[in-house]
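Student: Just passing along the structure, written as structure tokens.
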Amino acid sequence: MGENQDFSVSLPDSKAAYVLSNVAEVVERILTFVPTKSLLRIASVCRLWRNCARRVLRIQQQVAWVSACGPSSADVHSLCNILEDEVEKVFLLPKTVLAMVNCETFYGPCYLYTQNKAKKSRHSPDTELNQFFPKGCDIMGIATPGIVLTPNGSCSKPPQEYQEGEAGFAIMFPSMEGINIRPFHFCKKSISPAALKEAGLVDNPELRVVLMFVYEAFKPGGVRFLNQILDPLAKSKALITGGLVDRAFSPSRHCCSHGAYGVVGLALSGPKVQGASVLLDRDISNPKAAEATIQRLKAAKIPERNTLGFMFACVGRGKNYYNDQTNVEADAFRKVFPNTPLFGLFGNGEIGCDRIVKDDYTLCETDTDSLQHEYTTVMTLVHLG
């Protein structure tokens, strides 16, 4: 009886072993339920599993994110505190990461940062983020006065505005067919027509969306530098959006002194990319007017799947602008787009305008002055195929 029992147990085991060693369709289906970091480890088991893992990675085209708020119990920002665990759970291989954190708590005593590598703290911001993502992953790290984020988990969770306190997020973009996401970082010494062309910002007929963040723009020469970037972009058919922030801590650039002005951003190109934006100007100061303006984004007919919302607001807006009502613009966005996650910042100036993409991708003409604003909010949709 004991021999039969052993045989009855070992028989299913041997069948399972055969299936998992030889039937690619079954293995591939199972691996779709495995987070990417574990998937990369599994790929080393055998040739069949490696090939199945590669096919699974190719179909993981959805954007993912990690967000955090509230004080951290560790000596690091709350975002960095949870990234290690949360990145283990994502179902994509990050190729590009856009991270934003509030500058007040991110640059504390544990984040001493100088241009001298020998003096850089072990908790410097760029080092802290780089350790969580694969080698070769492009990481764009920005510190700004306030943060807008959607909590971890579902796209339908209500987005939150954080004008005070510790908050941050990291959006992870995989390699996507038909979409090219190219990061750029310029300072006054590195910007040139050739550099803009190399970054895909000019002479690029497939350029669809530019997310750009200018830091230290209040320094002498900062305004001229910003115009030097916006002048060629204003002539393009691409959607230009972003804001003026405090600092960019990743990628590092050593051609300029610490504290010099510059710009970082992402250039999104390809036929699958769509974008649209509306401007909530100074006259919009109540929830009903905010919702009505955001409703105009519906005219772009952008699909909800694989679409991100971005909110770039002035530090002077928020609850002070809406008679102590909190989360007004984020709530208005959710009413119109309940299944689209929203991310963004409160900054020192806004970049963007009303630009609704038409069916043939033609956009309204604009100029450099109409792209720069104060006491406004730019609401943007970006669809990634």
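Note on naming: chains are A, B, ... as they come in the structure tokens, residues start from 1 per chain, ligands start from 1 in the order shown.
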May I have the residues within 6 Å of Gly146 (chain A) as a count of residues only, using only C-alpha atoms and disregarding those fewer than 4 positions away in the same chain?

Tutor: 5

Student: Find the residues near Met176 (chain A): any atom within 12 Å, counting only C-alpha atoms, skip ones fewer than 4 places away on the same chain, and give them as a list of chain:residue names.

Tutor: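 Neighbouring residues, sequence-local ones excluded: A:Leu57, A:Arg58, A:Ile59, A:Gln60, A:Gln61, A:Gln62, A:Val63, A:Leu92, A:Leu93, A:Pro94, A:Lys95, A:Thr96, A:Met172, A:Asn180, A:Ile181, A:Leu268, A:Ser269, A:Gly270, A:Pro271, A:Lys272, A:Val273, A:Asn306, A:Leu384, A:Gly385.
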
Student: Excluding Gln274 (chain A) and any residue of its chain fewer than 3 positions from it, enumerate the residues within 7 Å of it, using only C-alpha atoms, and give them as a list in words.

Tutor: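 Residues near the query, excluding close chain neighbours: Arg208, Val382, His383 and Leu384 of chain A.
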
Student: Could those selected residues go to a file with N, CA and C atoms, as a PDB file, in the first residue's frame?

Tutor:
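Once everything was written out, this is selection-v1.pdb:
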```pdb
ATOM      1  N   ARG A 208       6.084  63.535 -30.836  1.00  0.00           N
ATOM      2  CA  ARG A 208       4.688  63.761 -30.481  1.00  0.00           C
ATOM      3  C   ARG A 208       4.521  64.541 -29.176  1.00  0.00           C
ATOM      4  N   VAL A 382      -1.251  61.721 -21.997  1.00  0.00           N
ATOM      5  CA  VAL A 382      -0.253  61.099 -22.874  1.00  0.00           C
ATOM      6  C   VAL A 382      -0.601  59.631 -23.032  1.00  0.00           C
ATOM      7  N   HIS A 383      -0.889  59.245 -24.270  1.00  0.00           N
ATOM      8  CA  HIS A 383      -1.251  57.855 -24.585  1.00  0.00           C
ATOM      9  C   HIS A 383      -0.050  57.166 -25.229  1.00  0.00           C
ATOM     10  N   LEU A 384       0.217  55.938 -24.785  1.00  0.00           N
ATOM     11  CA  LEU A 384       1.405  55.204 -25.218  1.00  0.00           C
ATOM     12  C   LEU A 384       1.053  53.917 -25.970  1.00  0.00           C
TER      13      LEU A 384
END
```

Student: Considering only C-alpha atoms, state which residue in the set A:Val378, A:Leu129, A:Ala289, A:Cys103 is at the smallest distance from Phe310 (chain A).

Tutor: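 Counting only C-alpha atoms, the residue closest to Phe310 (chain A) is A:Val378.
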
Student: Give me every alpha helix (DSSP H) residue in region 254-384 of chain A, going by DSSP on the backbone, as an MDAnalysis selection string.

Tutor: chainID A and resid 287:295 328:336

Student: Please give the complete set of residues from region 43-288 of chain A that DSSP, run on the backbone, assigns to strand (DSSP E or B), formatted as a PyMOL selection string.

Tutor: chain A and resi 64-69+94-102+138-144+146-149+160-162+167-174+180-187+207-215+239-245+247-250+262-269+273-280

Student: May I have the residues from that selection written out with C-alpha atoms, as an mmCIF file, in the first residue's frame?

Tutor:
```cif
data_model
loop_
_atom_site.group_PDB
_atom_site.id
_atom_site.type_symbol
_atom_site.label_atom_id
_atom_site.label_comp_id
_atom_site.auth_asym_id
_atom_site.auth_seq_id
_atom_site.Cartn_x
_atom_site.Cartn_y
_atom_site.Cartn_z
ATOM 1 C CA ALA A 64 3.726 50.880 -14.019
ATOM 2 C CA TRP A 65 4.407 53.176 -11.086
ATOM 3 C CA VAL A 66 5.372 53.293 -7.431
ATOM 4 C CA SER A 67 4.194 56.143 -5.205
ATOM 5 C CA ALA A 68 4.658 57.036 -1.558
ATOM 6 C CA CYS A 69 3.581 59.680 0.922
ATOM 7 C CA PRO A 94 11.967 49.380 -16.874
ATOM 8 C CA LYS A 95 13.828 51.126 -19.676
ATOM 9 C CA THR A 96 13.038 54.702 -18.605
ATOM 10 C CA VAL A 97 12.002 56.020 -15.186
ATOM 11 C CA LEU A 98 10.529 59.428 -14.366
ATOM 12 C CA ALA A 99 10.792 60.089 -10.617
ATOM 13 C CA MET A 100 9.561 63.155 -8.744
ATOM 14 C CA VAL A 101 9.879 63.948 -5.046
ATOM 15 C CA ASN A 102 9.158 66.934 -2.855
ATOM 16 C CA ASP A 138 17.514 55.924 -17.947
ATOM 17 C CA ILE A 139 16.398 57.610 -14.717
ATOM 18 C CA MET A 140 15.036 61.145 -14.679
ATOM 19 C CA GLY A 141 14.947 62.439 -11.104
ATOM 20 C CA ILE A 142 13.302 65.764 -10.188
ATOM 21 C CA ALA A 143 12.786 67.592 -6.880
ATOM 22 C CA THR A 144 9.958 70.110 -6.747
ATOM 23 C CA GLY A 146 4.802 69.811 -4.330
ATOM 24 C CA ILE A 147 3.704 66.471 -5.740
ATOM 25 C CA VAL A 148 0.596 65.051 -7.411
ATOM 26 C CA LEU A 149 0.321 61.255 -7.441
ATOM 27 C CA GLN A 160 -3.847 63.205 -4.378
ATOM 28 C CA GLU A 161 -2.223 66.643 -4.257
ATOM 29 C CA TYR A 162 0.612 67.105 -1.745
ATOM 30 C CA ALA A 167 5.607 62.488 -1.184
ATOM 31 C CA GLY A 168 7.003 61.118 -4.421
ATOM 32 C CA PHE A 169 6.488 58.724 -7.318
ATOM 33 C CA ALA A 170 8.432 56.798 -9.947
ATOM 34 C CA ILE A 171 6.801 56.008 -13.314
ATOM 35 C CA MET A 172 8.422 53.063 -15.095
ATOM 36 C CA PHE A 173 8.272 52.854 -18.888
ATOM 37 C CA PRO A 174 9.177 49.553 -20.596
ATOM 38 C CA ASN A 180 10.710 55.865 -28.626
ATOM 39 C CA ILE A 181 11.271 57.600 -25.277
ATOM 40 C CA ARG A 182 14.491 59.561 -25.298
ATOM 41 C CA PRO A 183 15.724 61.414 -22.178
ATOM 42 C CA PHE A 184 17.621 64.696 -22.499
ATOM 43 C CA HIS A 185 19.573 66.932 -20.135
ATOM 44 C CA PHE A 186 21.053 70.274 -21.169
ATOM 45 C CA CYS A 187 22.830 73.096 -19.391
ATOM 46 C CA LEU A 207 8.065 63.724 -32.257
ATOM 47 C CA ARG A 208 4.688 63.761 -30.481
ATOM 48 C CA VAL A 209 5.170 64.816 -26.844
ATOM 49 C CA VAL A 210 7.912 66.603 -24.880
ATOM 50 C CA LEU A 211 7.895 66.526 -21.074
ATOM 51 C CA MET A 212 10.391 69.133 -19.890
ATOM 52 C CA PHE A 213 11.474 70.419 -16.492
ATOM 53 C CA VAL A 214 13.667 73.486 -16.090
ATOM 54 C CA TYR A 215 15.626 73.867 -12.850
ATOM 55 C CA LEU A 239 2.814 68.715 -27.495
ATOM 56 C CA ILE A 240 5.078 70.641 -25.097
ATOM 57 C CA THR A 241 4.335 70.425 -21.386
ATOM 58 C CA GLY A 242 6.136 70.589 -18.043
ATOM 59 C CA GLY A 243 7.187 73.051 -15.403
ATOM 60 C CA LEU A 244 9.884 74.950 -13.542
ATOM 61 C CA VAL A 245 11.269 72.858 -10.682
ATOM 62 C CA ARG A 247 16.419 70.626 -8.923
ATOM 63 C CA ALA A 248 17.186 67.719 -11.207
ATOM 64 C CA PHE A 249 19.288 65.126 -9.394
ATOM 65 C CA SER A 250 19.404 62.488 -12.121
ATOM 66 C CA GLY A 262 19.454 73.552 -16.929
ATOM 67 C CA VAL A 263 16.652 71.405 -18.310
ATOM 68 C CA VAL A 264 15.814 67.712 -18.210
ATOM 69 C CA GLY A 265 13.010 65.896 -19.955
ATOM 70 C CA LEU A 266 11.665 63.102 -22.100
ATOM 71 C CA ALA A 267 11.055 63.264 -25.854
ATOM 72 C CA LEU A 268 8.323 60.804 -26.871
ATOM 73 C CA SER A 269 8.258 59.865 -30.541
ATOM 74 C CA VAL A 273 2.042 58.268 -29.100
ATOM 75 C CA GLN A 274 -0.850 60.697 -28.643
ATOM 76 C CA GLY A 275 -1.099 63.768 -26.471
ATOM 77 C CA ALA A 276 -3.422 66.615 -25.566
ATOM 78 C CA SER A 277 -3.440 69.382 -22.963
ATOM 79 C CA VAL A 278 -5.624 72.179 -21.604
ATOM 80 C CA LEU A 279 -4.687 75.240 -19.602
ATOM 81 C CA LEU A 280 -6.505 76.110 -16.389
#
```

Student: Could you check how far CA of Asn22 (chain A) sits from CA of Phe91 (chain A), in Å to one decimal?

Tutor: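 Atom-to-atom, CA of Asn22 (chain A) to CA of Phe91 (chain A), that is 24.3 Å.
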
Student: Which neighbours of Lys157 (chain A) fall inside 9 Å, counting only C-alpha atoms, when residues of the same chain fewer than 4 positions from it are skipped, and could you give them as an MDAnalysis selection string?

Tutor: chainID A and resid 150:153 334 338:339 341

Student: Give me, as a ChimeraX atom specification, all polymer residues having an atom no more than 9 Å from region 35-45 of chain A, counting only C-alpha atoms and skipping those fewer than 5 positions away in the same chain.

Tutor: /A:50-54,56-57,87-93

Student: Could those residues be written to a file, using C-alpha atoms, as a compact mmCIF listing (two decimals), in the first residue's frame?

Tutor:
```
# COMPACT_ATOMS: atom_id res chain seq x y z
CA ARG A 50 14.75 31.54 -21.03
CA ASN A 51 12.98 31.69 -24.39
CA CYS A 52 9.56 31.79 -22.73
CA ALA A 53 10.70 34.54 -20.38
CA ARG A 54 11.93 36.62 -23.31
CA VAL A 56 6.72 37.32 -21.90
CA LEU A 57 8.97 40.37 -21.49
CA VAL A 87 9.93 47.13 -7.86
CA GLU A 88 10.04 43.40 -7.10
CA LYS A 89 6.29 43.26 -7.83
CA VAL A 90 6.09 45.05 -11.20
CA PHE A 91 5.36 43.23 -14.45
CA LEU A 92 7.73 45.06 -16.77
CA LEU A 93 11.42 45.64 -17.40
```

Student: Report, in Å with one decimal, the straight-line distance from CA of Pro145 (chain A) to CA of Met311 (chain A).

Tutor: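 Distance between the two atoms: 13.7 Å.
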
Student: Please, what distance in Å, to one decimal, runs between CA of Leu381 (chain A) and CA of Thr307 (chain A)?

Tutor: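 Spanning CA of Leu381 (chain A) to CA of Thr307 (chain A) is a straight-line distance of 6.8 Å.
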
Student: So, counting only C-alpha atoms, which residue among A:Gln228, A:Ser72, A:Ser21, A:Thr380 is closest to Ala300 (chain A)?

Tutor: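 Nearest to Ala300 (chain A): A:Thr380.
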
Student: Identify which of the residues A:Pro287, A:Pro159, A:Gly352, A:Gly347 lies closest to Tyr321 (chain A), counting only C-alpha atoms when measuring atom-to-atom distances.

Tutor: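 Answer, going by the shortest atom-to-atom distance: A:Pro287.
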
Student: Between A:Ala260, A:Leu342, A:Val328, A:Leu233, which one has atoms that come closest to Lys219 (chain A), using only C-alpha atoms?

Tutor: A:Ala260

Student: Tell me, as a PDB file with all heavy atoms, in the first residue's frame, which residues lie within 10 Å of Ala292 (chain A), counting only C-alpha atoms; anything in the same chain fewer than 4 positions away does not count.

Tutor:
```pdb
ATOM      1  N   LEU A 280      -5.616  75.518 -17.388  1.00  0.00           N
ATOM      2  CA  LEU A 280      -6.505  76.110 -16.389  1.00  0.00           C
ATOM      3  C   LEU A 280      -5.883  77.444 -15.987  1.00  0.00           C
ATOM      4  O   LEU A 280      -4.922  77.495 -15.217  1.00  0.00           O
ATOM      5  CB  LEU A 280      -6.645  75.201 -15.170  1.00  0.00           C
ATOM      6  CG  LEU A 280      -7.568  73.987 -15.284  1.00  0.00           C
ATOM      7  CD1 LEU A 280      -6.981  72.936 -16.231  1.00  0.00           C
ATOM      8  CD2 LEU A 280      -7.809  73.352 -13.918  1.00  0.00           C
ATOM      9  N   ILE A 284      -9.858  80.490 -13.549  1.00  0.00           N
ATOM     10  CA  ILE A 284     -10.504  79.260 -13.066  1.00  0.00           C
ATOM     11  C   ILE A 284     -10.165  79.083 -11.600  1.00  0.00           C
ATOM     12  O   ILE A 284      -9.048  78.704 -11.234  1.00  0.00           O
ATOM     13  CB  ILE A 284     -10.051  78.051 -13.910  1.00  0.00           C
ATOM     14  CG1 ILE A 284     -10.504  78.239 -15.358  1.00  0.00           C
ATOM     15  CG2 ILE A 284     -10.602  76.753 -13.330  1.00  0.00           C
ATOM     16  CD1 ILE A 284      -9.963  77.222 -16.306  1.00  0.00           C
ATOM     17  N   PRO A 287     -14.290  74.596  -8.332  1.00  0.00           N
ATOM     18  CA  PRO A 287     -14.284  73.211  -8.823  1.00  0.00           C
ATOM     19  C   PRO A 287     -15.075  73.009 -10.113  1.00  0.00           C
ATOM     20  O   PRO A 287     -14.658  72.243 -10.987  1.00  0.00           O
ATOM     21  CB  PRO A 287     -14.904  72.430  -7.662  1.00  0.00           C
ATOM     22  CG  PRO A 287     -14.616  73.252  -6.449  1.00  0.00           C
ATOM     23  CD  PRO A 287     -14.703  74.671  -6.912  1.00  0.00           C
ATOM     24  N   LYS A 288     -16.212  73.679 -10.251  1.00  0.00           N
ATOM     25  CA  LYS A 288     -17.037  73.495 -11.440  1.00  0.00           C
ATOM     26  C   LYS A 288     -16.316  73.977 -12.695  1.00  0.00           C
ATOM     27  O   LYS A 288     -16.342  73.314 -13.742  1.00  0.00           O
ATOM     28  CB  LYS A 288     -18.359  74.245 -11.270  1.00  0.00           C
ATOM     29  CG  LYS A 288     -19.371  73.959 -12.360  1.00  0.00           C
ATOM     30  CD  LYS A 288     -20.713  74.633 -12.050  1.00  0.00           C
ATOM     31  CE  LYS A 288     -21.734  74.329 -13.135  1.00  0.00           C
ATOM     32  NZ  LYS A 288     -23.046  74.981 -12.831  1.00  0.00           N
ATOM     33  N   ARG A 296     -12.759  69.355 -21.632  1.00  0.00           N
ATOM     34  CA  ARG A 296     -12.398  69.624 -23.030  1.00  0.00           C
ATOM     35  C   ARG A 296     -11.363  68.651 -23.564  1.00  0.00           C
ATOM     36  O   ARG A 296     -11.227  68.489 -24.770  1.00  0.00           O
ATOM     37  CB  ARG A 296     -11.901  71.067 -23.163  1.00  0.00           C
ATOM     38  CG  ARG A 296     -13.020  72.094 -22.972  1.00  0.00           C
ATOM     39  CD  ARG A 296     -12.513  73.517 -22.888  1.00  0.00           C
ATOM     40  NE  ARG A 296     -11.438  73.761 -23.828  1.00  0.00           N
ATOM     41  CZ  ARG A 296     -10.321  74.432 -23.538  1.00  0.00           C
ATOM     42  NH1 ARG A 296     -10.145  74.912 -22.325  1.00  0.00           N
ATOM     43  NH2 ARG A 296      -9.396  74.612 -24.447  1.00  0.00           N
ATOM     44  N   LEU A 297     -10.621  67.991 -22.659  1.00  0.00           N
ATOM     45  CA  LEU A 297      -9.659  66.986 -23.114  1.00  0.00           C
ATOM     46  C   LEU A 297     -10.339  65.803 -23.789  1.00  0.00           C
ATOM     47  O   LEU A 297      -9.703  65.067 -24.555  1.00  0.00           O
ATOM     48  CB  LEU A 297      -8.812  66.486 -21.931  1.00  0.00           C
ATOM     49  CG  LEU A 297      -7.684  67.399 -21.444  1.00  0.00           C
ATOM     50  CD1 LEU A 297      -7.114  66.887 -20.128  1.00  0.00           C
ATOM     51  CD2 LEU A 297      -6.583  67.503 -22.494  1.00  0.00           C
ATOM     52  N   ALA A 332     -11.241  66.880  -9.871  1.00  0.00           N
ATOM     53  CA  ALA A 332     -11.927  67.209 -11.125  1.00  0.00           C
ATOM     54  C   ALA A 332     -11.431  66.325 -12.258  1.00  0.00           C
ATOM     55  O   ALA A 332     -12.220  65.848 -13.089  1.00  0.00           O
ATOM     56  CB  ALA A 332     -11.713  68.684 -11.461  1.00  0.00           C
ATOM     57  N   PHE A 333     -10.133  66.072 -12.283  1.00  0.00           N
ATOM     58  CA  PHE A 333      -9.580  65.181 -13.315  1.00  0.00           C
ATOM     59  C   PHE A 333     -10.173  63.783 -13.187  1.00  0.00           C
ATOM     60  O   PHE A 333     -10.538  63.151 -14.183  1.00  0.00           O
ATOM     61  CB  PHE A 333      -8.053  65.124 -13.195  1.00  0.00           C
ATOM     62  CG  PHE A 333      -7.398  64.230 -14.215  1.00  0.00           C
ATOM     63  CD1 PHE A 333      -7.017  64.729 -15.451  1.00  0.00           C
ATOM     64  CD2 PHE A 333      -7.164  62.881 -13.945  1.00  0.00           C
ATOM     65  CE1 PHE A 333      -6.420  63.900 -16.399  1.00  0.00           C
ATOM     66  CE2 PHE A 333      -6.570  62.054 -14.872  1.00  0.00           C
ATOM     67  CZ  PHE A 333      -6.198  62.561 -16.115  1.00  0.00           C
ATOM     68  N   VAL A 336     -13.630  63.272 -14.646  1.00  0.00           N
ATOM     69  CA  VAL A 336     -13.673  63.202 -16.107  1.00  0.00           C
ATOM     70  C   VAL A 336     -12.980  61.943 -16.620  1.00  0.00           C
ATOM     71  O   VAL A 336     -13.444  61.305 -17.568  1.00  0.00           O
ATOM     72  CB  VAL A 336     -13.022  64.466 -16.722  1.00  0.00           C
ATOM     73  CG1 VAL A 336     -13.089  64.415 -18.242  1.00  0.00           C
ATOM     74  CG2 VAL A 336     -13.712  65.723 -16.208  1.00  0.00           C
TER      75      VAL A 336
END
```
